[in-house]
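So the structure is just underneath, and the comments pick up after that.
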Amino acid sequence: MISFMNDYSEGAHPKILELLLASNLEQNKGYGEDVHCDRAREYIRQHIKKENVDIHFIPGGTQTNLLAVSAFLRPHQCVIAADTGHVNVHETGAIEATGHKVVTMPSLDGKLTPELIQKVLDSHDGEHMVQPKLVYISNTTELGTVYTRKELEEIRRVCQENKLLLFLDGARLASALTCKANDLSMEEIARLVDVFYIGGTKNGALLGEALVICKEELKEDFRFLMKQRGAMPAKGFVVGIQFEALFVPGELLYYELAKHANHMAEQIGDAIASCGFDFYAPAVSNQLFPILPDVLIAELEKSFSFSLQAKAGNGKSAVRFVTSWATTQEQVDGLVQFFRLYSKAH
C-alpha cells in the first residue's frame, strides 16, 4: 500500500537527523534559550531580512494557532476565516475553547478576499456582537491553493484600514513559496502580515513550527502565554536544531524539500488531467483534489491510501492526494501508471 494520505507520515530528513545526532550529547539550556534556537532564529531573520521580529519554536500547528489567537485577542474579539480554514474545521474547537469565536465566510478556493472580510465587518456592528479583530489565512490553503502578492497586499490594506490583525498559518508555507503559481517571497510575507509561522512538521521536520511575530505590540509576554498553554517544552532545542538544519544560509533545505514534494505532485496532477478529470480546487501545490468516479476510487483504494474530500454527486467524489519531501519517484510512477492504464481502457 502506497500512501498519499499526508505529508507528515515519515520521520525527518537525514540532514535534520544528522544534526540532532551530532548534538545529542550536548548539554543545552532549556525552554528554547539554547544556542541552536538562537542560531535558527538568526538564520530566519537573515532570510526574511528583518531583524526586529520575535521567533518562537512551538511543537505543533494547532497549538501555534490557538496560542496566537488567545495571546493577541481580547475576550470579546473574534477571528475571521474561510469556512475551510484549519482553525474552523480541523482543530476540534481549539480556538473556541480559548473563548474566541471563529466567524467564517464561504470560499470556493479556500482563500479569503477583502470583500469577504468586509462582509463580516458590515454584519458585526456594535457591542451586542463579537468584535472582528484577527484575519486568519493559510498559505497554502487547506485546498492547496496559494495567495498571490496582489491578493495578500489587498488583504493587508483592508486590515490596516479596519485595525485588524493579519495572521498567516504557514503549516505548508514551503510548498506555497516553491510552487509555479507563487509570486511571493517569505521576506514579502514578513512585511505584509503581523504574525505568521513557518511550518516544519509538514516539510521534513520531526515536529515543530516557527512562529514569527512582526508587529511590535504583539511581542510582550508571549513566552508567559507559551508556558501557560504547555507550548514551551523543556527540550526546546530539539525543535530549534531542526530549524537550524532547515535554514542553513546558502543551502535552505526548507525550500529544497518543498520543491521535491511539489514536483512529485505535478506529475500526478498531469496524469490525472490527461484522463480528462476535473479538480475540486486548482492543482498548484503538493495537495491535489481530483474529482473521480466512485468506482475508480474503489479500485485506487486497493493499492493506494488517500483521503476523501467531498461527495461531488453523479457517482463521483473529490479525493485528496498529498506528496511530501519523502515521496519517491517509484511511488509517483505507480500512481501515474494507474491513471495511464485507466486512460487506455477508456
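Lettering and numbering for the C-alpha cells are positional, with chains as A, B, ... in the shown order, residues counted from 1 in each chain, and ligands counted from 1 in the shown order.
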
Where does region 145-177 of chain A meet region 69-80 of chain A within 12 Å, residue by residue, with the nearest atom pair and distance in Å to one decimal for each, counting only C-alpha atoms, listed by chain and rising number, as CSV?
```
residue,atom,partner,partner_atom,distance
A:Ile155,CA,A:Ile80,CA,12.0
A:Cys159,CA,A:Ile80,CA,11.1
A:Leu164,CA,A:Val79,CA,9.7
A:Leu165,CA,A:Phe72,CA,8.5
A:Leu166,CA,A:Ile80,CA,9.7
A:Phe167,CA,A:Val69,CA,8.9
A:Leu168,CA,A:Val69,CA,11.5
A:Asp169,CA,A:Val69,CA,11.5
```

Q) Taking the backbone alone, and naming residues the way the document does, which bits of region 112-211 of chain A are strand (DSSP E) by DSSP, as a VMD selection string? A) chain A and resid 131 to 138 165 to 169 195 to 199 209 to 211

Those same residues, written as a compact mmCIF listing (two decimals), in the first residue's frame with N, CA and C atoms?
```
# COMPACT_ATOMS: atom_id res chain seq x y z
N GLN A 131 -16.49 41.30 18.32
CA GLN A 131 -15.78 42.30 17.52
C GLN A 131 -14.72 41.63 16.65
N PRO A 132 -14.84 41.71 15.32
CA PRO A 132 -13.81 41.15 14.46
C PRO A 132 -12.47 41.84 14.70
N LYS A 133 -11.42 41.04 14.89
CA LYS A 133 -10.12 41.64 15.19
C LYS A 133 -8.96 40.98 14.46
N LEU A 134 -9.05 39.67 14.21
CA LEU A 134 -7.92 38.97 13.59
C LEU A 134 -8.39 38.23 12.34
N VAL A 135 -7.68 38.47 11.25
CA VAL A 135 -7.95 37.76 9.99
C VAL A 135 -6.98 36.59 9.89
N TYR A 136 -7.53 35.39 9.76
CA TYR A 136 -6.72 34.17 9.65
C TYR A 136 -6.72 33.69 8.21
N ILE A 137 -5.53 33.57 7.63
CA ILE A 137 -5.40 32.96 6.32
C ILE A 137 -4.31 31.89 6.40
N SER A 138 -4.32 30.97 5.46
CA SER A 138 -3.25 29.97 5.41
C SER A 138 -2.71 29.89 3.98
N LEU A 165 -5.78 42.57 12.83
CA LEU A 165 -4.51 41.86 12.79
C LEU A 165 -4.57 40.83 11.67
N LEU A 166 -3.44 40.63 11.00
CA LEU A 166 -3.37 39.65 9.92
C LEU A 166 -2.40 38.54 10.31
N PHE A 167 -2.93 37.33 10.40
CA PHE A 167 -2.17 36.15 10.83
C PHE A 167 -2.17 35.12 9.71
N LEU A 168 -0.97 34.68 9.31
CA LEU A 168 -0.84 33.69 8.25
C LEU A 168 -0.35 32.36 8.81
N ASP A 169 -1.16 31.34 8.65
CA ASP A 169 -0.82 29.97 9.02
C ASP A 169 0.07 29.41 7.92
N VAL A 195 1.80 38.58 11.91
CA VAL A 195 2.39 37.37 12.51
C VAL A 195 2.16 36.22 11.54
N PHE A 196 3.14 35.34 11.44
CA PHE A 196 2.99 34.14 10.62
C PHE A 196 3.84 33.04 11.19
N TYR A 197 3.61 31.82 10.73
CA TYR A 197 4.52 30.77 11.17
C TYR A 197 5.02 29.94 10.00
N ILE A 198 6.22 29.43 10.20
CA ILE A 198 6.92 28.62 9.22
C ILE A 198 6.78 27.17 9.63
N GLY A 199 6.09 26.37 8.82
CA GLY A 199 5.80 25.01 9.20
C GLY A 199 6.96 24.06 8.97
N GLU A 209 6.99 24.14 14.64
CA GLU A 209 6.67 25.30 13.82
C GLU A 209 7.43 26.51 14.40
N ALA A 210 7.78 27.44 13.53
CA ALA A 210 8.48 28.65 13.97
C ALA A 210 7.54 29.84 13.82
N LEU A 211 7.04 30.35 14.93
CA LEU A 211 6.13 31.49 14.92
C LEU A 211 6.94 32.77 14.86
```

Show me, as a PDB file with N, CA and C atoms, in the first residue's frame, the residues that have an atom within 12 Å of Ile189 (chain A) when counting only C-alpha atoms, minus same-chain residues fewer than 2 positions from it.
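Now in out-v7.pdb:
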```pdb
ATOM      1  N   HIS A  47      17.190  35.462   6.569  1.00  0.00           N
ATOM      2  CA  HIS A  47      16.479  35.061   5.356  1.00  0.00           C
ATOM      3  C   HIS A  47      15.344  36.020   5.014  1.00  0.00           C
ATOM      4  N   ILE A  48      14.611  36.479   6.011  1.00  0.00           N
ATOM      5  CA  ILE A  48      13.494  37.391   5.739  1.00  0.00           C
ATOM      6  C   ILE A  48      13.925  38.851   5.777  1.00  0.00           C
ATOM      7  N   LYS A  49      15.218  39.072   6.034  1.00  0.00           N
ATOM      8  CA  LYS A  49      15.788  40.428   6.066  1.00  0.00           C
ATOM      9  C   LYS A  49      15.015  41.338   7.027  1.00  0.00           C
ATOM     10  N   LYS A  50      14.770  40.788   8.208  1.00  0.00           N
ATOM     11  CA  LYS A  50      14.004  41.531   9.205  1.00  0.00           C
ATOM     12  C   LYS A  50      14.516  41.138  10.587  1.00  0.00           C
ATOM     13  N   ILE A 137      -5.533  33.566   7.633  1.00  0.00           N
ATOM     14  CA  ILE A 137      -5.396  32.962   6.315  1.00  0.00           C
ATOM     15  C   ILE A 137      -4.307  31.891   6.399  1.00  0.00           C
ATOM     16  N   SER A 138      -4.319  30.970   5.461  1.00  0.00           N
ATOM     17  CA  SER A 138      -3.250  29.973   5.409  1.00  0.00           C
ATOM     18  C   SER A 138      -2.712  29.887   3.983  1.00  0.00           C
ATOM     19  N   ASN A 139      -1.409  29.619   3.892  1.00  0.00           N
ATOM     20  CA  ASN A 139      -0.735  29.551   2.591  1.00  0.00           C
ATOM     21  C   ASN A 139       0.301  28.426   2.643  1.00  0.00           C
ATOM     22  N   TYR A 147      -1.959  32.214  -2.174  1.00  0.00           N
ATOM     23  CA  TYR A 147      -2.226  33.649  -2.313  1.00  0.00           C
ATOM     24  C   TYR A 147      -1.153  34.285  -3.190  1.00  0.00           C
ATOM     25  N   THR A 148      -1.581  35.176  -4.071  1.00  0.00           N
ATOM     26  CA  THR A 148      -0.628  35.959  -4.856  1.00  0.00           C
ATOM     27  C   THR A 148      -0.211  37.190  -4.054  1.00  0.00           C
ATOM     28  N   ARG A 149       0.833  37.846  -4.514  1.00  0.00           N
ATOM     29  CA  ARG A 149       1.286  39.067  -3.853  1.00  0.00           C
ATOM     30  C   ARG A 149       0.166  40.116  -3.849  1.00  0.00           C
ATOM     31  N   LYS A 150      -0.503  40.262  -4.981  1.00  0.00           N
ATOM     32  CA  LYS A 150      -1.588  41.241  -5.095  1.00  0.00           C
ATOM     33  C   LYS A 150      -2.705  40.927  -4.110  1.00  0.00           C
ATOM     34  N   GLU A 151      -3.077  39.660  -4.003  1.00  0.00           N
ATOM     35  CA  GLU A 151      -4.149  39.278  -3.083  1.00  0.00           C
ATOM     36  C   GLU A 151      -3.763  39.559  -1.636  1.00  0.00           C
ATOM     37  N   LEU A 152      -2.522  39.259  -1.289  1.00  0.00           N
ATOM     38  CA  LEU A 152      -2.085  39.487   0.090  1.00  0.00           C
ATOM     39  C   LEU A 152      -1.990  40.984   0.375  1.00  0.00           C
ATOM     40  N   GLU A 153      -1.542  41.752  -0.588  1.00  0.00           N
ATOM     41  CA  GLU A 153      -1.473  43.206  -0.405  1.00  0.00           C
ATOM     42  C   GLU A 153      -2.860  43.794  -0.216  1.00  0.00           C
ATOM     43  N   ILE A 155      -5.511  42.236   1.022  1.00  0.00           N
ATOM     44  CA  ILE A 155      -5.982  41.844   2.350  1.00  0.00           C
ATOM     45  C   ILE A 155      -5.295  42.695   3.418  1.00  0.00           C
ATOM     46  N   ARG A 156      -4.020  42.942   3.237  1.00  0.00           N
ATOM     47  CA  ARG A 156      -3.288  43.804   4.168  1.00  0.00           C
ATOM     48  C   ARG A 156      -3.913  45.200   4.229  1.00  0.00           C
ATOM     49  N   LEU A 166      -3.443  40.629  10.999  1.00  0.00           N
ATOM     50  CA  LEU A 166      -3.371  39.653   9.917  1.00  0.00           C
ATOM     51  C   LEU A 166      -2.403  38.540  10.305  1.00  0.00           C
ATOM     52  N   PHE A 167      -2.934  37.326  10.397  1.00  0.00           N
ATOM     53  CA  PHE A 167      -2.169  36.155  10.828  1.00  0.00           C
ATOM     54  C   PHE A 167      -2.167  35.119   9.711  1.00  0.00           C
ATOM     55  N   LEU A 168      -0.973  34.678   9.311  1.00  0.00           N
ATOM     56  CA  LEU A 168      -0.844  33.692   8.246  1.00  0.00           C
ATOM     57  C   LEU A 168      -0.347  32.365   8.813  1.00  0.00           C
ATOM     58  N   ASP A 169      -1.157  31.339   8.646  1.00  0.00           N
ATOM     59  CA  ASP A 169      -0.819  29.972   9.024  1.00  0.00           C
ATOM     60  C   ASP A 169       0.073  29.406   7.919  1.00  0.00           C
ATOM     61  N   GLY A 170       1.316  29.103   8.260  1.00  0.00           N
ATOM     62  CA  GLY A 170       2.265  28.616   7.267  1.00  0.00           C
ATOM     63  C   GLY A 170       2.625  27.159   7.436  1.00  0.00           C
ATOM     64  N   LEU A 173       3.774  26.453   4.209  1.00  0.00           N
ATOM     65  CA  LEU A 173       4.301  27.657   3.553  1.00  0.00           C
ATOM     66  C   LEU A 173       5.379  27.317   2.528  1.00  0.00           C
ATOM     67  N   ALA A 176       3.850  26.438  -0.701  1.00  0.00           N
ATOM     68  CA  ALA A 176       3.303  27.630  -1.353  1.00  0.00           C
ATOM     69  C   ALA A 176       4.391  28.439  -2.046  1.00  0.00           C
ATOM     70  N   LEU A 177       5.507  28.637  -1.363  1.00  0.00           N
ATOM     71  CA  LEU A 177       6.547  29.524  -1.876  1.00  0.00           C
ATOM     72  C   LEU A 177       7.389  28.911  -2.982  1.00  0.00           C
ATOM     73  N   ASP A 183       4.152  33.990  -6.505  1.00  0.00           N
ATOM     74  CA  ASP A 183       4.972  35.165  -6.829  1.00  0.00           C
ATOM     75  C   ASP A 183       5.361  35.927  -5.561  1.00  0.00           C
ATOM     76  N   LEU A 184       5.266  35.250  -4.417  1.00  0.00           N
ATOM     77  CA  LEU A 184       5.606  35.847  -3.128  1.00  0.00           C
ATOM     78  C   LEU A 184       6.926  35.288  -2.608  1.00  0.00           C
ATOM     79  N   SER A 185       7.581  36.051  -1.739  1.00  0.00           N
ATOM     80  CA  SER A 185       8.736  35.546  -1.002  1.00  0.00           C
ATOM     81  C   SER A 185       8.410  35.601   0.489  1.00  0.00           C
ATOM     82  N   MET A 186       9.164  34.869   1.289  1.00  0.00           N
ATOM     83  CA  MET A 186       8.950  34.928   2.726  1.00  0.00           C
ATOM     84  C   MET A 186       9.270  36.323   3.260  1.00  0.00           C
ATOM     85  N   GLU A 187      10.212  36.987   2.634  1.00  0.00           N
ATOM     86  CA  GLU A 187      10.546  38.361   3.023  1.00  0.00           C
ATOM     87  C   GLU A 187       9.333  39.273   2.840  1.00  0.00           C
ATOM     88  N   ARG A 191       6.725  41.295   5.635  1.00  0.00           N
ATOM     89  CA  ARG A 191       6.408  42.722   5.532  1.00  0.00           C
ATOM     90  C   ARG A 191       4.907  42.971   5.538  1.00  0.00           C
ATOM     91  N   LEU A 192       4.134  42.017   5.024  1.00  0.00           N
ATOM     92  CA  LEU A 192       2.708  42.248   4.801  1.00  0.00           C
ATOM     93  C   LEU A 192       1.804  41.752   5.928  1.00  0.00           C
ATOM     94  N   VAL A 193       2.290  40.846   6.779  1.00  0.00           N
ATOM     95  CA  VAL A 193       1.439  40.320   7.847  1.00  0.00           C
ATOM     96  C   VAL A 193       1.964  40.757   9.209  1.00  0.00           C
ATOM     97  N   ASP A 194       1.123  40.598  10.222  1.00  0.00           N
ATOM     98  CA  ASP A 194       1.529  40.943  11.592  1.00  0.00           C
ATOM     99  C   ASP A 194       2.213  39.776  12.280  1.00  0.00           C
ATOM    100  N   VAL A 195       1.801  38.579  11.912  1.00  0.00           N
ATOM    101  CA  VAL A 195       2.388  37.374  12.508  1.00  0.00           C
ATOM    102  C   VAL A 195       2.159  36.216  11.542  1.00  0.00           C
ATOM    103  N   PHE A 196       3.144  35.338  11.439  1.00  0.00           N
ATOM    104  CA  PHE A 196       2.988  34.145  10.615  1.00  0.00           C
ATOM    105  C   PHE A 196       3.844  33.039  11.193  1.00  0.00           C
ATOM    106  N   TYR A 197       3.606  31.819  10.731  1.00  0.00           N
ATOM    107  CA  TYR A 197       4.520  30.772  11.170  1.00  0.00           C
ATOM    108  C   TYR A 197       5.018  29.937  10.003  1.00  0.00           C
ATOM    109  N   ILE A 198       6.219  29.426  10.205  1.00  0.00           N
ATOM    110  CA  ILE A 198       6.922  28.624   9.218  1.00  0.00           C
ATOM    111  C   ILE A 198       6.780  27.171   9.631  1.00  0.00           C
ATOM    112  N   VAL A 212       6.628  33.618  13.874  1.00  0.00           N
ATOM    113  CA  VAL A 212       7.356  34.875  13.666  1.00  0.00           C
ATOM    114  C   VAL A 212       6.407  36.036  13.962  1.00  0.00           C
ATOM    115  N   ILE A 213       6.694  36.772  15.019  1.00  0.00           N
ATOM    116  CA  ILE A 213       5.860  37.917  15.403  1.00  0.00           C
ATOM    117  C   ILE A 213       6.516  39.187  14.863  1.00  0.00           C
ATOM    118  N   CYS A 214       5.848  39.828  13.920  1.00  0.00           N
ATOM    119  CA  CYS A 214       6.403  41.004  13.256  1.00  0.00           C
ATOM    120  C   CYS A 214       5.948  42.309  13.909  1.00  0.00           C
TER     121      CYS A 214
END
```

Q) From the set A:Ser324, A:Ser303, A:Gln287, A:Asn52, which residue has the shortest atom-to-atom contact distance to Ala205 (chain A), counting only C-alpha atoms? A)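 Residue with the minimum atom-to-atom distance to Ala205 (chain A): A:Ser324.
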
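Comparing A:Leu143, A:Met264, A:Leu252, A:Ala245 by their smallest distance to Ala318 (chain A), the closest is A:Leu143 (using only C-alpha atoms).
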
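What separates CA of Arg229 (chain A) from CA of Gly99 (chain A) is a distance of 13.8 Å.
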
(Q) Let me make sure I understand: among A:Val158, A:Ala234, A:Glu127, A:Glu91, which one has the smallest atom-to-atom distance to Leu112 (chain A) if we use only C-alpha atoms? (A)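 Using only C-alpha atoms, Leu112 (chain A) sits closest to A:Val158.
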
Q | Near-region 27-42 of chain A list (8 Å; only C-alpha atoms; drop same-chain fewer than 4 positions) as a ChimeraX atom specification | A | /A:46,55-57,232-237,239-241,243-245,247

Compile the contact shell of Phe338 (chain A) as a short mmCIF file (atom, residue, chain, number, x, y, z; two decimals) with C-alpha atoms, in the first residue's frame: residues with an atom at most 9 Å away, counting only C-alpha atoms, same-chain residues fewer than 5 positions apart removed.
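And here is the file that came out, out-v8.cif:
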```
data_model
loop_
_atom_site.label_atom_id
_atom_site.label_comp_id
_atom_site.auth_asym_id
_atom_site.auth_seq_id
_atom_site.Cartn_x
_atom_site.Cartn_y
_atom_site.Cartn_z
CA LEU A 300 -7.48 3.00 -6.26
CA ASP A 333 5.22 6.28 -11.08
CA SER A 343 -6.93 6.24 -19.81
#
```

Q: Using CA of Gly250 (chain A) and CA of Ala174 (chain A) as the two end points, give the distance in Å to one decimal.
A: 16.3 Å

**Q.** Atomic separation - CA of Glu161 (chain A) relative to CA of Lys215 (chain A), Å
**A.**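 Computed distance, CA of Lys215 (chain A) to CA of Glu161 (chain A), equals 15.9 Å.
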